[in-house]
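Below: work_38.txt (compact mmCIF, C-alpha atoms)
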# COMPACT_ATOMS: atom_id res chain seq x y z
CA MET A 1 -141.36 -102.81 167.02
CA PRO A 2 -145.09 -103.09 166.26
CA ARG A 3 -146.72 -106.46 166.78
CA ARG A 4 -147.75 -108.29 163.68
CA ARG A 5 -150.30 -110.55 162.09
CA THR A 6 -148.75 -113.93 161.36
CA ALA A 7 -149.34 -116.95 159.11
CA LEU A 8 -147.77 -120.37 159.44
CA ALA A 9 -147.36 -122.81 156.57
CA ASP A 10 -147.72 -126.54 157.07
CA HIS A 11 -147.84 -126.41 160.79
CA GLY A 12 -149.88 -128.14 163.23
CA PRO A 13 -152.30 -125.28 163.90
CA ALA A 14 -152.22 -121.46 163.01
CA GLY A 15 -150.26 -118.19 161.38
CA SER A 16 -150.44 -114.31 162.30
CA ARG A 17 -149.66 -110.49 162.12
CA ARG A 18 -150.14 -106.85 163.43
CA ARG A 19 -147.78 -107.93 163.33
CA SER A 20 -149.41 -111.08 161.66
CA VAL A 21 -147.73 -114.42 160.69
CA ARG A 22 -148.95 -117.58 158.95
CA LEU A 23 -147.79 -121.14 159.44
CA ALA A 24 -148.32 -123.42 156.47
CA ALA A 25 -149.27 -126.86 157.76
CA VAL A 26 -147.27 -130.06 157.75
CA ALA A 27 -147.95 -132.09 154.65
CA LEU A 28 -150.08 -135.10 155.49
CA GLY A 29 -150.65 -133.93 158.99
CA TRP A 30 -151.29 -131.05 160.03
CA LEU A 31 -154.92 -123.55 157.23
CA ALA A 32 -179.31 -109.35 138.83
CA VAL A 33 -176.00 -107.28 139.08
CA MET A 34 -175.54 -105.68 142.48
CA THR A 35 -172.82 -104.36 144.73
CA ILE A 36 -172.25 -106.49 147.83
CA PRO A 37 -172.49 -104.27 150.94
CA LEU A 38 -169.72 -104.34 153.51
CA PRO A 39 -170.58 -105.62 156.99
CA ALA A 40 -172.00 -102.76 159.04
CA THR A 41 -169.31 -103.28 161.67
CA THR A 42 -166.60 -102.33 159.18
CA ALA A 43 -168.42 -99.46 157.49
CA GLU A 44 -169.03 -97.79 160.85
CA ILE A 45 -165.37 -97.71 161.92
CA PRO A 46 -163.67 -94.42 160.90
CA ALA A 47 -160.25 -96.00 160.29
CA ILE A 48 -161.80 -98.49 157.88
CA ALA A 49 -164.02 -95.93 156.17
CA ALA A 50 -160.98 -93.73 155.50
CA ARG A 51 -159.13 -96.64 153.92
CA GLN A 52 -162.12 -97.47 151.73
CA ARG A 53 -162.24 -93.90 150.43
CA ALA A 54 -158.55 -93.95 149.55
CA GLU A 55 -158.48 -97.51 148.20
CA LYS A 56 -156.88 -98.17 144.82
CA LYS A 57 -159.29 -100.27 142.76
CA SER A 58 -157.79 -100.28 139.27
CA PHE A 59 -154.94 -102.70 138.54
CA THR A 60 -153.14 -103.97 135.47
CA ASP A 61 -153.02 -107.69 134.71
CA ALA A 62 -149.32 -107.67 135.62
CA GLU A 63 -150.00 -106.10 139.03
CA ILE A 64 -152.67 -108.68 139.88
CA ILE A 65 -150.62 -111.65 138.67
CA ASP A 66 -147.53 -110.46 140.54
CA GLY A 67 -149.40 -110.34 143.85
CA PHE A 68 -151.06 -113.69 143.21
CA PHE A 69 -147.78 -115.49 142.59
CA LYS A 70 -146.09 -113.84 145.56
CA THR A 71 -148.82 -114.85 148.03
CA ALA A 72 -150.12 -118.17 146.66
CA PHE A 73 -146.63 -119.69 146.50
CA GLY A 74 -144.15 -119.75 149.35
CA ALA A 75 -144.83 -119.24 153.07
CA GLU A 76 -144.05 -116.46 155.52
CA TYR A 77 -143.20 -118.92 158.28
CA HIS A 78 -142.56 -122.44 157.02
CA LEU A 79 -142.63 -125.41 159.37
CA ALA A 80 -142.78 -128.40 157.01
CA GLY A 81 -143.79 -129.57 153.56
CA ARG A 82 -143.28 -128.07 150.10
CA VAL A 83 -144.40 -124.50 149.43
CA ASP A 84 -143.85 -124.41 145.65
CA ARG A 85 -147.35 -125.62 144.77
CA ILE A 86 -150.88 -124.20 144.90
CA ARG A 87 -152.57 -124.94 148.22
CA LYS A 88 -156.32 -124.52 148.66
CA TYR A 89 -159.48 -126.18 149.93
CA SER A 90 -161.15 -128.43 147.38
CA GLY A 91 -164.53 -128.60 149.12
CA PRO A 92 -166.81 -126.62 151.44
CA VAL A 93 -165.19 -124.60 154.22
CA ARG A 94 -166.93 -124.47 157.59
CA VAL A 95 -165.75 -122.07 160.29
CA TYR A 96 -166.20 -122.60 164.01
CA ALA A 97 -165.67 -119.82 166.56
CA ASP A 98 -164.26 -120.95 169.91
CA GLY A 99 -164.60 -118.20 172.50
CA ARG A 100 -166.88 -116.40 174.92
CA ARG A 101 -167.22 -112.96 173.32
CA ALA A 102 -170.63 -112.89 171.61
CA ASP A 103 -169.85 -109.53 169.98
CA ARG A 104 -166.66 -110.84 168.37
CA LYS A 105 -168.48 -113.98 167.21
CA ALA A 106 -171.10 -111.78 165.56
CA GLN A 107 -168.39 -109.74 163.82
CA LEU A 108 -166.66 -112.93 162.70
CA THR A 109 -169.93 -114.23 161.25
CA LYS A 110 -170.25 -111.05 159.17
CA VAL A 111 -166.64 -111.35 158.01
CA VAL A 112 -167.19 -114.95 156.89
CA GLY A 113 -170.39 -113.94 155.09
CA ASP A 114 -168.59 -111.11 153.32
CA ILE A 115 -165.77 -113.41 152.23
CA GLY A 116 -168.26 -115.95 150.92
CA ALA A 117 -170.11 -113.30 148.93
CA ARG A 118 -166.95 -112.00 147.29
CA ILE A 119 -165.16 -115.25 146.34
CA ARG A 120 -167.16 -116.74 143.53
CA ASN A 121 -166.19 -120.41 143.72
CA LEU A 122 -165.76 -120.79 147.47
CA ASP A 123 -168.43 -122.37 149.67
CA ILE A 124 -167.69 -120.93 153.12
CA ALA A 125 -170.00 -120.50 156.10
CA MET A 126 -170.07 -120.61 159.89
CA THR A 127 -170.98 -123.76 161.79
CA ASP A 128 -172.10 -124.21 165.39
CA SER A 129 -170.34 -127.57 165.61
CA ASP A 130 -166.60 -127.85 166.20
CA GLY A 131 -166.74 -131.36 164.79
CA ASP A 132 -168.14 -130.11 161.47
CA ALA A 133 -165.52 -127.38 161.08
CA ASN A 134 -162.36 -127.44 159.00
CA VAL A 135 -161.43 -123.89 160.09
CA ARG A 136 -161.25 -123.34 163.84
CA VAL A 137 -161.03 -119.76 165.08
CA LYS A 138 -159.91 -119.39 168.68
CA LEU A 139 -160.89 -116.07 170.26
CA VAL A 140 -158.56 -115.21 173.13
CA ARG A 141 -157.55 -112.29 175.33
CA ASP A 142 -154.28 -110.66 174.37
CA ARG A 143 -152.68 -111.74 177.64
CA ASP A 144 -153.54 -115.37 176.82
CA LEU A 145 -152.16 -115.32 173.27
CA TYR A 146 -148.70 -116.71 174.08
CA HIS A 147 -150.17 -119.49 176.20
CA THR A 148 -152.59 -120.38 173.39
CA ILE A 149 -149.74 -120.50 170.86
CA SER A 150 -147.74 -122.69 173.26
CA GLN A 151 -150.65 -125.11 173.55
CA ALA A 152 -150.96 -125.28 169.75
CA TYR A 153 -147.30 -125.47 168.76
CA GLY A 154 -145.34 -126.37 171.86
CA SER A 155 -143.31 -124.13 174.14
CA GLU A 156 -140.13 -124.13 172.06
CA ARG A 157 -141.90 -123.16 168.83
CA ALA A 158 -144.00 -120.60 170.70
CA ARG A 159 -140.85 -118.89 172.05
CA GLU A 160 -139.44 -118.79 168.53
CA ILE A 161 -142.65 -117.27 167.15
CA LYS A 162 -142.82 -114.70 169.93
CA THR A 163 -139.17 -113.69 169.58
CA SER A 164 -139.08 -113.42 165.80
CA LEU A 165 -142.65 -112.30 165.05
CA ASP A 166 -144.36 -111.05 168.24
CA PRO A 167 -147.79 -111.70 166.68
CA GLN A 168 -151.11 -110.17 167.58
CA CYS A 169 -153.02 -112.81 165.63
CA LEU A 170 -152.05 -116.02 163.91
CA SER A 171 -153.21 -118.53 161.28
CA GLY A 172 -151.99 -121.70 159.66
CA PHE A 173 -153.13 -124.84 157.88
CA ARG A 174 -152.27 -128.44 157.23
CA LYS A 175 -152.47 -130.01 153.78
CA ASN A 176 -152.40 -133.52 152.32
CA GLU A 177 -150.18 -135.07 149.65
CA ALA A 178 -152.34 -133.54 146.92
CA PHE A 179 -151.78 -130.05 148.44
CA GLU A 180 -155.44 -129.82 149.42
CA ILE A 181 -155.86 -127.94 152.68
CA GLU A 182 -157.53 -130.22 155.22
CA HIS A 183 -157.71 -127.99 158.28
CA SER A 184 -156.87 -124.43 159.31
CA ASP A 185 -156.42 -122.82 162.70
CA VAL A 186 -156.79 -119.12 163.39
CA ILE A 187 -156.05 -117.33 166.67
CA LEU A 188 -157.53 -113.83 167.12
CA THR A 189 -157.25 -111.51 170.12
CA VAL A 190 -160.55 -109.97 171.18
CA ASP A 191 -159.50 -107.03 173.36
CA ASN A 192 -157.41 -104.79 171.09
CA GLY A 193 -160.29 -102.84 169.55
CA ASP A 194 -162.62 -103.27 166.59
CA PHE A 195 -160.13 -102.23 163.91
CA VAL A 196 -157.41 -104.68 165.01
CA PHE A 197 -159.94 -107.48 165.40
CA LEU A 198 -161.42 -106.99 161.92
CA ASP A 199 -158.03 -106.42 160.32
CA CYS A 200 -156.75 -109.67 161.80
CA ALA A 201 -159.97 -111.59 161.13
CA TYR A 202 -159.97 -110.80 157.42
CA GLU A 203 -156.30 -111.41 156.88
CA GLU A 204 -155.97 -114.58 158.92
CA LEU A 205 -159.13 -116.17 157.55
CA LEU A 206 -158.13 -115.37 153.97
CA GLN A 207 -154.59 -116.63 154.44
CA SER A 208 -155.87 -119.80 156.06
CA LEU A 209 -157.57 -120.50 152.71
CA GLY A 210 -154.23 -120.74 150.89
CA PRO A 211 -152.39 -117.46 150.12
CA ILE A 212 -150.20 -117.84 153.19
CA ASN A 213 -147.11 -116.00 152.06
CA ASP A 214 -146.62 -112.40 153.14
CA THR A 215 -144.86 -109.97 150.81
CA SER A 216 -143.48 -106.51 151.45
CA SER A 217 -143.14 -105.75 147.72
CA VAL A 218 -146.87 -105.47 146.92
CA PRO A 219 -148.34 -102.28 148.44
CA TRP A 220 -152.03 -103.07 147.81
CA THR A 221 -152.43 -106.38 149.62
CA MET A 222 -153.31 -106.96 153.26
CA PHE A 223 -150.76 -109.81 153.07
CA ASN A 224 -148.10 -107.14 153.60
CA ASP A 225 -147.03 -106.44 157.18
CA ASN A 226 -147.00 -102.71 156.43
CA VAL A 227 -150.63 -102.67 155.27
CA SER A 228 -153.70 -102.70 157.54
CA MET A 229 -157.13 -102.81 155.92
CA GLY A 230 -159.89 -104.06 158.20
CA TYR A 231 -162.02 -105.16 155.25
CA PHE A 232 -161.84 -107.33 152.11
CA ASP A 233 -160.24 -104.96 149.61
CA VAL A 234 -160.53 -105.20 145.82
CA TYR A 235 -156.92 -106.24 145.19
CA ASP A 236 -157.15 -109.21 147.55
CA GLN A 237 -160.48 -110.18 146.03
CA TYR A 238 -158.57 -110.64 142.77
CA ILE A 239 -156.02 -112.89 144.51
CA LEU A 240 -158.59 -115.10 146.24
CA ASN A 241 -160.84 -115.39 143.18
CA LEU A 242 -157.86 -116.44 141.06
CA LEU A 243 -156.93 -119.05 143.65
CA TYR A 244 -160.43 -120.49 143.93
CA ASP A 245 -161.21 -120.64 140.24
CA PRO A 246 -161.75 -124.35 139.40
CA ARG A 247 -159.05 -124.17 136.71
CA VAL A 248 -156.43 -123.41 139.37
CA LYS A 249 -156.03 -126.74 141.13
CA PRO A 250 -154.25 -127.83 144.31
CA GLY A 251 -150.74 -129.05 143.57
CA MET A 252 -150.24 -126.95 140.43
CA THR A 253 -146.77 -125.57 139.81
CA LEU A 254 -146.03 -121.99 138.85
CA ALA A 255 -145.67 -123.00 135.17
CA GLU A 256 -148.98 -124.86 135.21
CA VAL A 257 -150.80 -121.89 136.71
CA LYS A 258 -149.26 -119.51 134.18
CA ALA A 259 -150.74 -121.62 131.37
CA VAL A 260 -154.35 -121.16 132.55
CA LEU A 261 -154.12 -117.74 134.18
CA PRO A 262 -154.99 -115.50 131.18
CA ASP A 263 -158.46 -117.05 130.75
CA VAL A 264 -159.00 -117.24 134.52
CA LEU A 265 -158.09 -113.59 135.01
CA THR A 266 -160.58 -112.49 132.33
CA ASP A 267 -163.41 -114.20 134.21
CA VAL A 268 -162.19 -113.01 137.61
CA ARG A 269 -162.06 -109.40 136.40
CA ALA A 270 -165.71 -109.62 135.33
CA TRP A 271 -166.73 -111.04 138.72
CA VAL A 272 -164.81 -108.53 140.85
CA LYS A 273 -166.08 -105.67 138.69
CA LYS A 274 -169.68 -106.82 139.16
CA THR A 275 -169.50 -107.44 142.91
CA ASN A 276 -167.81 -104.09 143.60
CA ASN A 277 -169.62 -102.02 140.96
CA LEU A 278 -166.30 -100.97 139.43
CA ALA A 279 -166.23 -98.58 136.49
CA GLU A 280 -163.28 -100.22 134.72

Show how you would write the structure in this file as structure tokens.
Amino acid sequence: MPRRRTALADHGPAGSRRRSVRLAAVALGWLAVMTIPLPATTAEIPAIAARQRAEKKSFTDAEIIDGFFKTAFGAEYHLAGRVDRIRKYSGPVRVYADGRRADRKAQLTKVVGDIGARIRNLDIAMTDSDGDANVRVKLVRDRDLYHTISQAYGSERAREIKTSLDPQCLSGFRKNEAFEIEHSDVILTVDNGDFVFLDCAYEELLQSLGPINDTSSVPWTMFNDNVSMGYFDVYDQYILNLLYDPRVKPGMTLAEVKAVLPDVLTDVRAWVKKTNNLAE
């Protein structure tokens, strides 16, 4: 079985995949018109360039909304708290990289910059201070991944995660009573090659911002264990821009989001079209 990226909902720390899994954090406790260029590190990798050439970029409203609801509600791996409400940051997001690999830190900085440029209403940037960060990215060797997960979640939970998910990277967040994300943790392995690192970095960082639920029924999203991207694709830009529109608020129910979504989607379409120079 391939290893995955994983996300954890309402955890203590992180979620992952590649396989990748996300843990959604424990409530109250403890994740001029111009085209924006991709980070050079992604454009130069053949596996990513091939995916960019084949990428589907035109979607119906129904296709976008379907993916948004399936990823913004629910949780791939649920530890505590309700998962039937919108979860997101309500203020600036600052990312701290904890690790020794300068090359991976440089790639992570480009990933964060790319995410910030493509999500209109999200203020996200790197910080050099762990104390100023609300997203902590731990960069570890693959052989140290299980030990790192054990430190974050405890040995019993770590065994459960390893047995059921066998992650290669992980992310998760904790939220408050208002469903505002307060802190996210991301664990990335640094020694499995550029493609795996970038694929995990994009997915785990994006899921740590709120869309923590994986789905196997949407073929265009990186939040699908069968899909590997390595860059911030157009479809997922729709999902994140819908989530971070000010009219979509933390704590909203599915019915409440449906009421505002038509107007939000119109504005998000214009933004994604502009930033990606789309013809549609």

Sort by chain and increasing residue number a table of all residues of range 89-119 of chain A within 9 Å of range 183-196 of chain A, each with its closest pair of atoms and their distance in Å to one decimal, counting all atoms listed in the file, and write it as a tab-separated table.
residue	atom	partner	partner_atom	distance
A:Tyr89	CA	A:His183	CA	8.7
A:Arg101	CA	A:Val190	CA	7.6
A:Arg104	CA	A:Val190	CA	6.8

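Remark: for Tyr235 in chain A, the closest of the candidate residues A:Gln168, A:Asn134, A:Ser58, A:Ser208 is A:Ser58 (distances computed over only C-alpha atoms).
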
Which polymer residues, whether protein, DNA or RNA, lie within 12 Å of the coordinate (-164.7, -109.4, 135.5) when you count all atoms listed in the file? List them as a list in words, using the chain letters and numbers from the file.
Asp61, Arg120, Val234, Gln237, Tyr238, Asn241, Leu242, Asp263, Val264, Leu265, Thr266, Asp267, Val268, Arg269, Ala270, Trp271, Val272, Lys273, Lys274, Thr275, Asn276, Asn277, Leu278, Ala279 and Glu280 of chain A

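Note that CA of Arg94 in chain A and CA of Glu44 in chain A are 27.0 Å apart.
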
Padding 4 Å on every side, please: axis-aligned box over the listed atoms of range 63-69 of chain A, centre and edge lengths to one decimal in Å, as lines of an AutoDock Vina configuration file.
center_x = -150.1
center_y = -110.8
center_z = 141.3
size_x = 13.1
size_y = 17.4
size_z = 13.2

For CA of Lys70 in chain A and CA of Arg85 in chain A, quote the distance in Å rounded to one decimal.
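About the pair CA of Lys70 in chain A and CA of Arg85 in chain A: they are 11.9 Å apart.
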
What gap, in Å, lies between CA of Leu139 in chain A and CA of Asp98 in chain A?
5.9 Å

Quick one: of A:Ala49, A:Met229, A:Ile161, A:Ala178, who's nearest to Asp199 in chain A, counting only C-alpha atoms?
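Result for the nearest residue to Asp199 in chain A: A:Met229.
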
Write out as number ranges by chain the residues lying within 9 Å of Gln52 in chain A, counting only C-alpha atoms and excluding same-chain residues fewer than 3 positions away.
A: 43, 47-49, 55-56, 229, 231, 233

Between A:Ile45, A:Trp220, A:Asp128, A:Arg247, single out the one closest to Pro262 in chain A, counting all atoms listed in the file.
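Going through A:Ile45, A:Trp220, A:Asp128, A:Arg247 one by one, the smallest distance to Pro262 in chain A is for A:Arg247.
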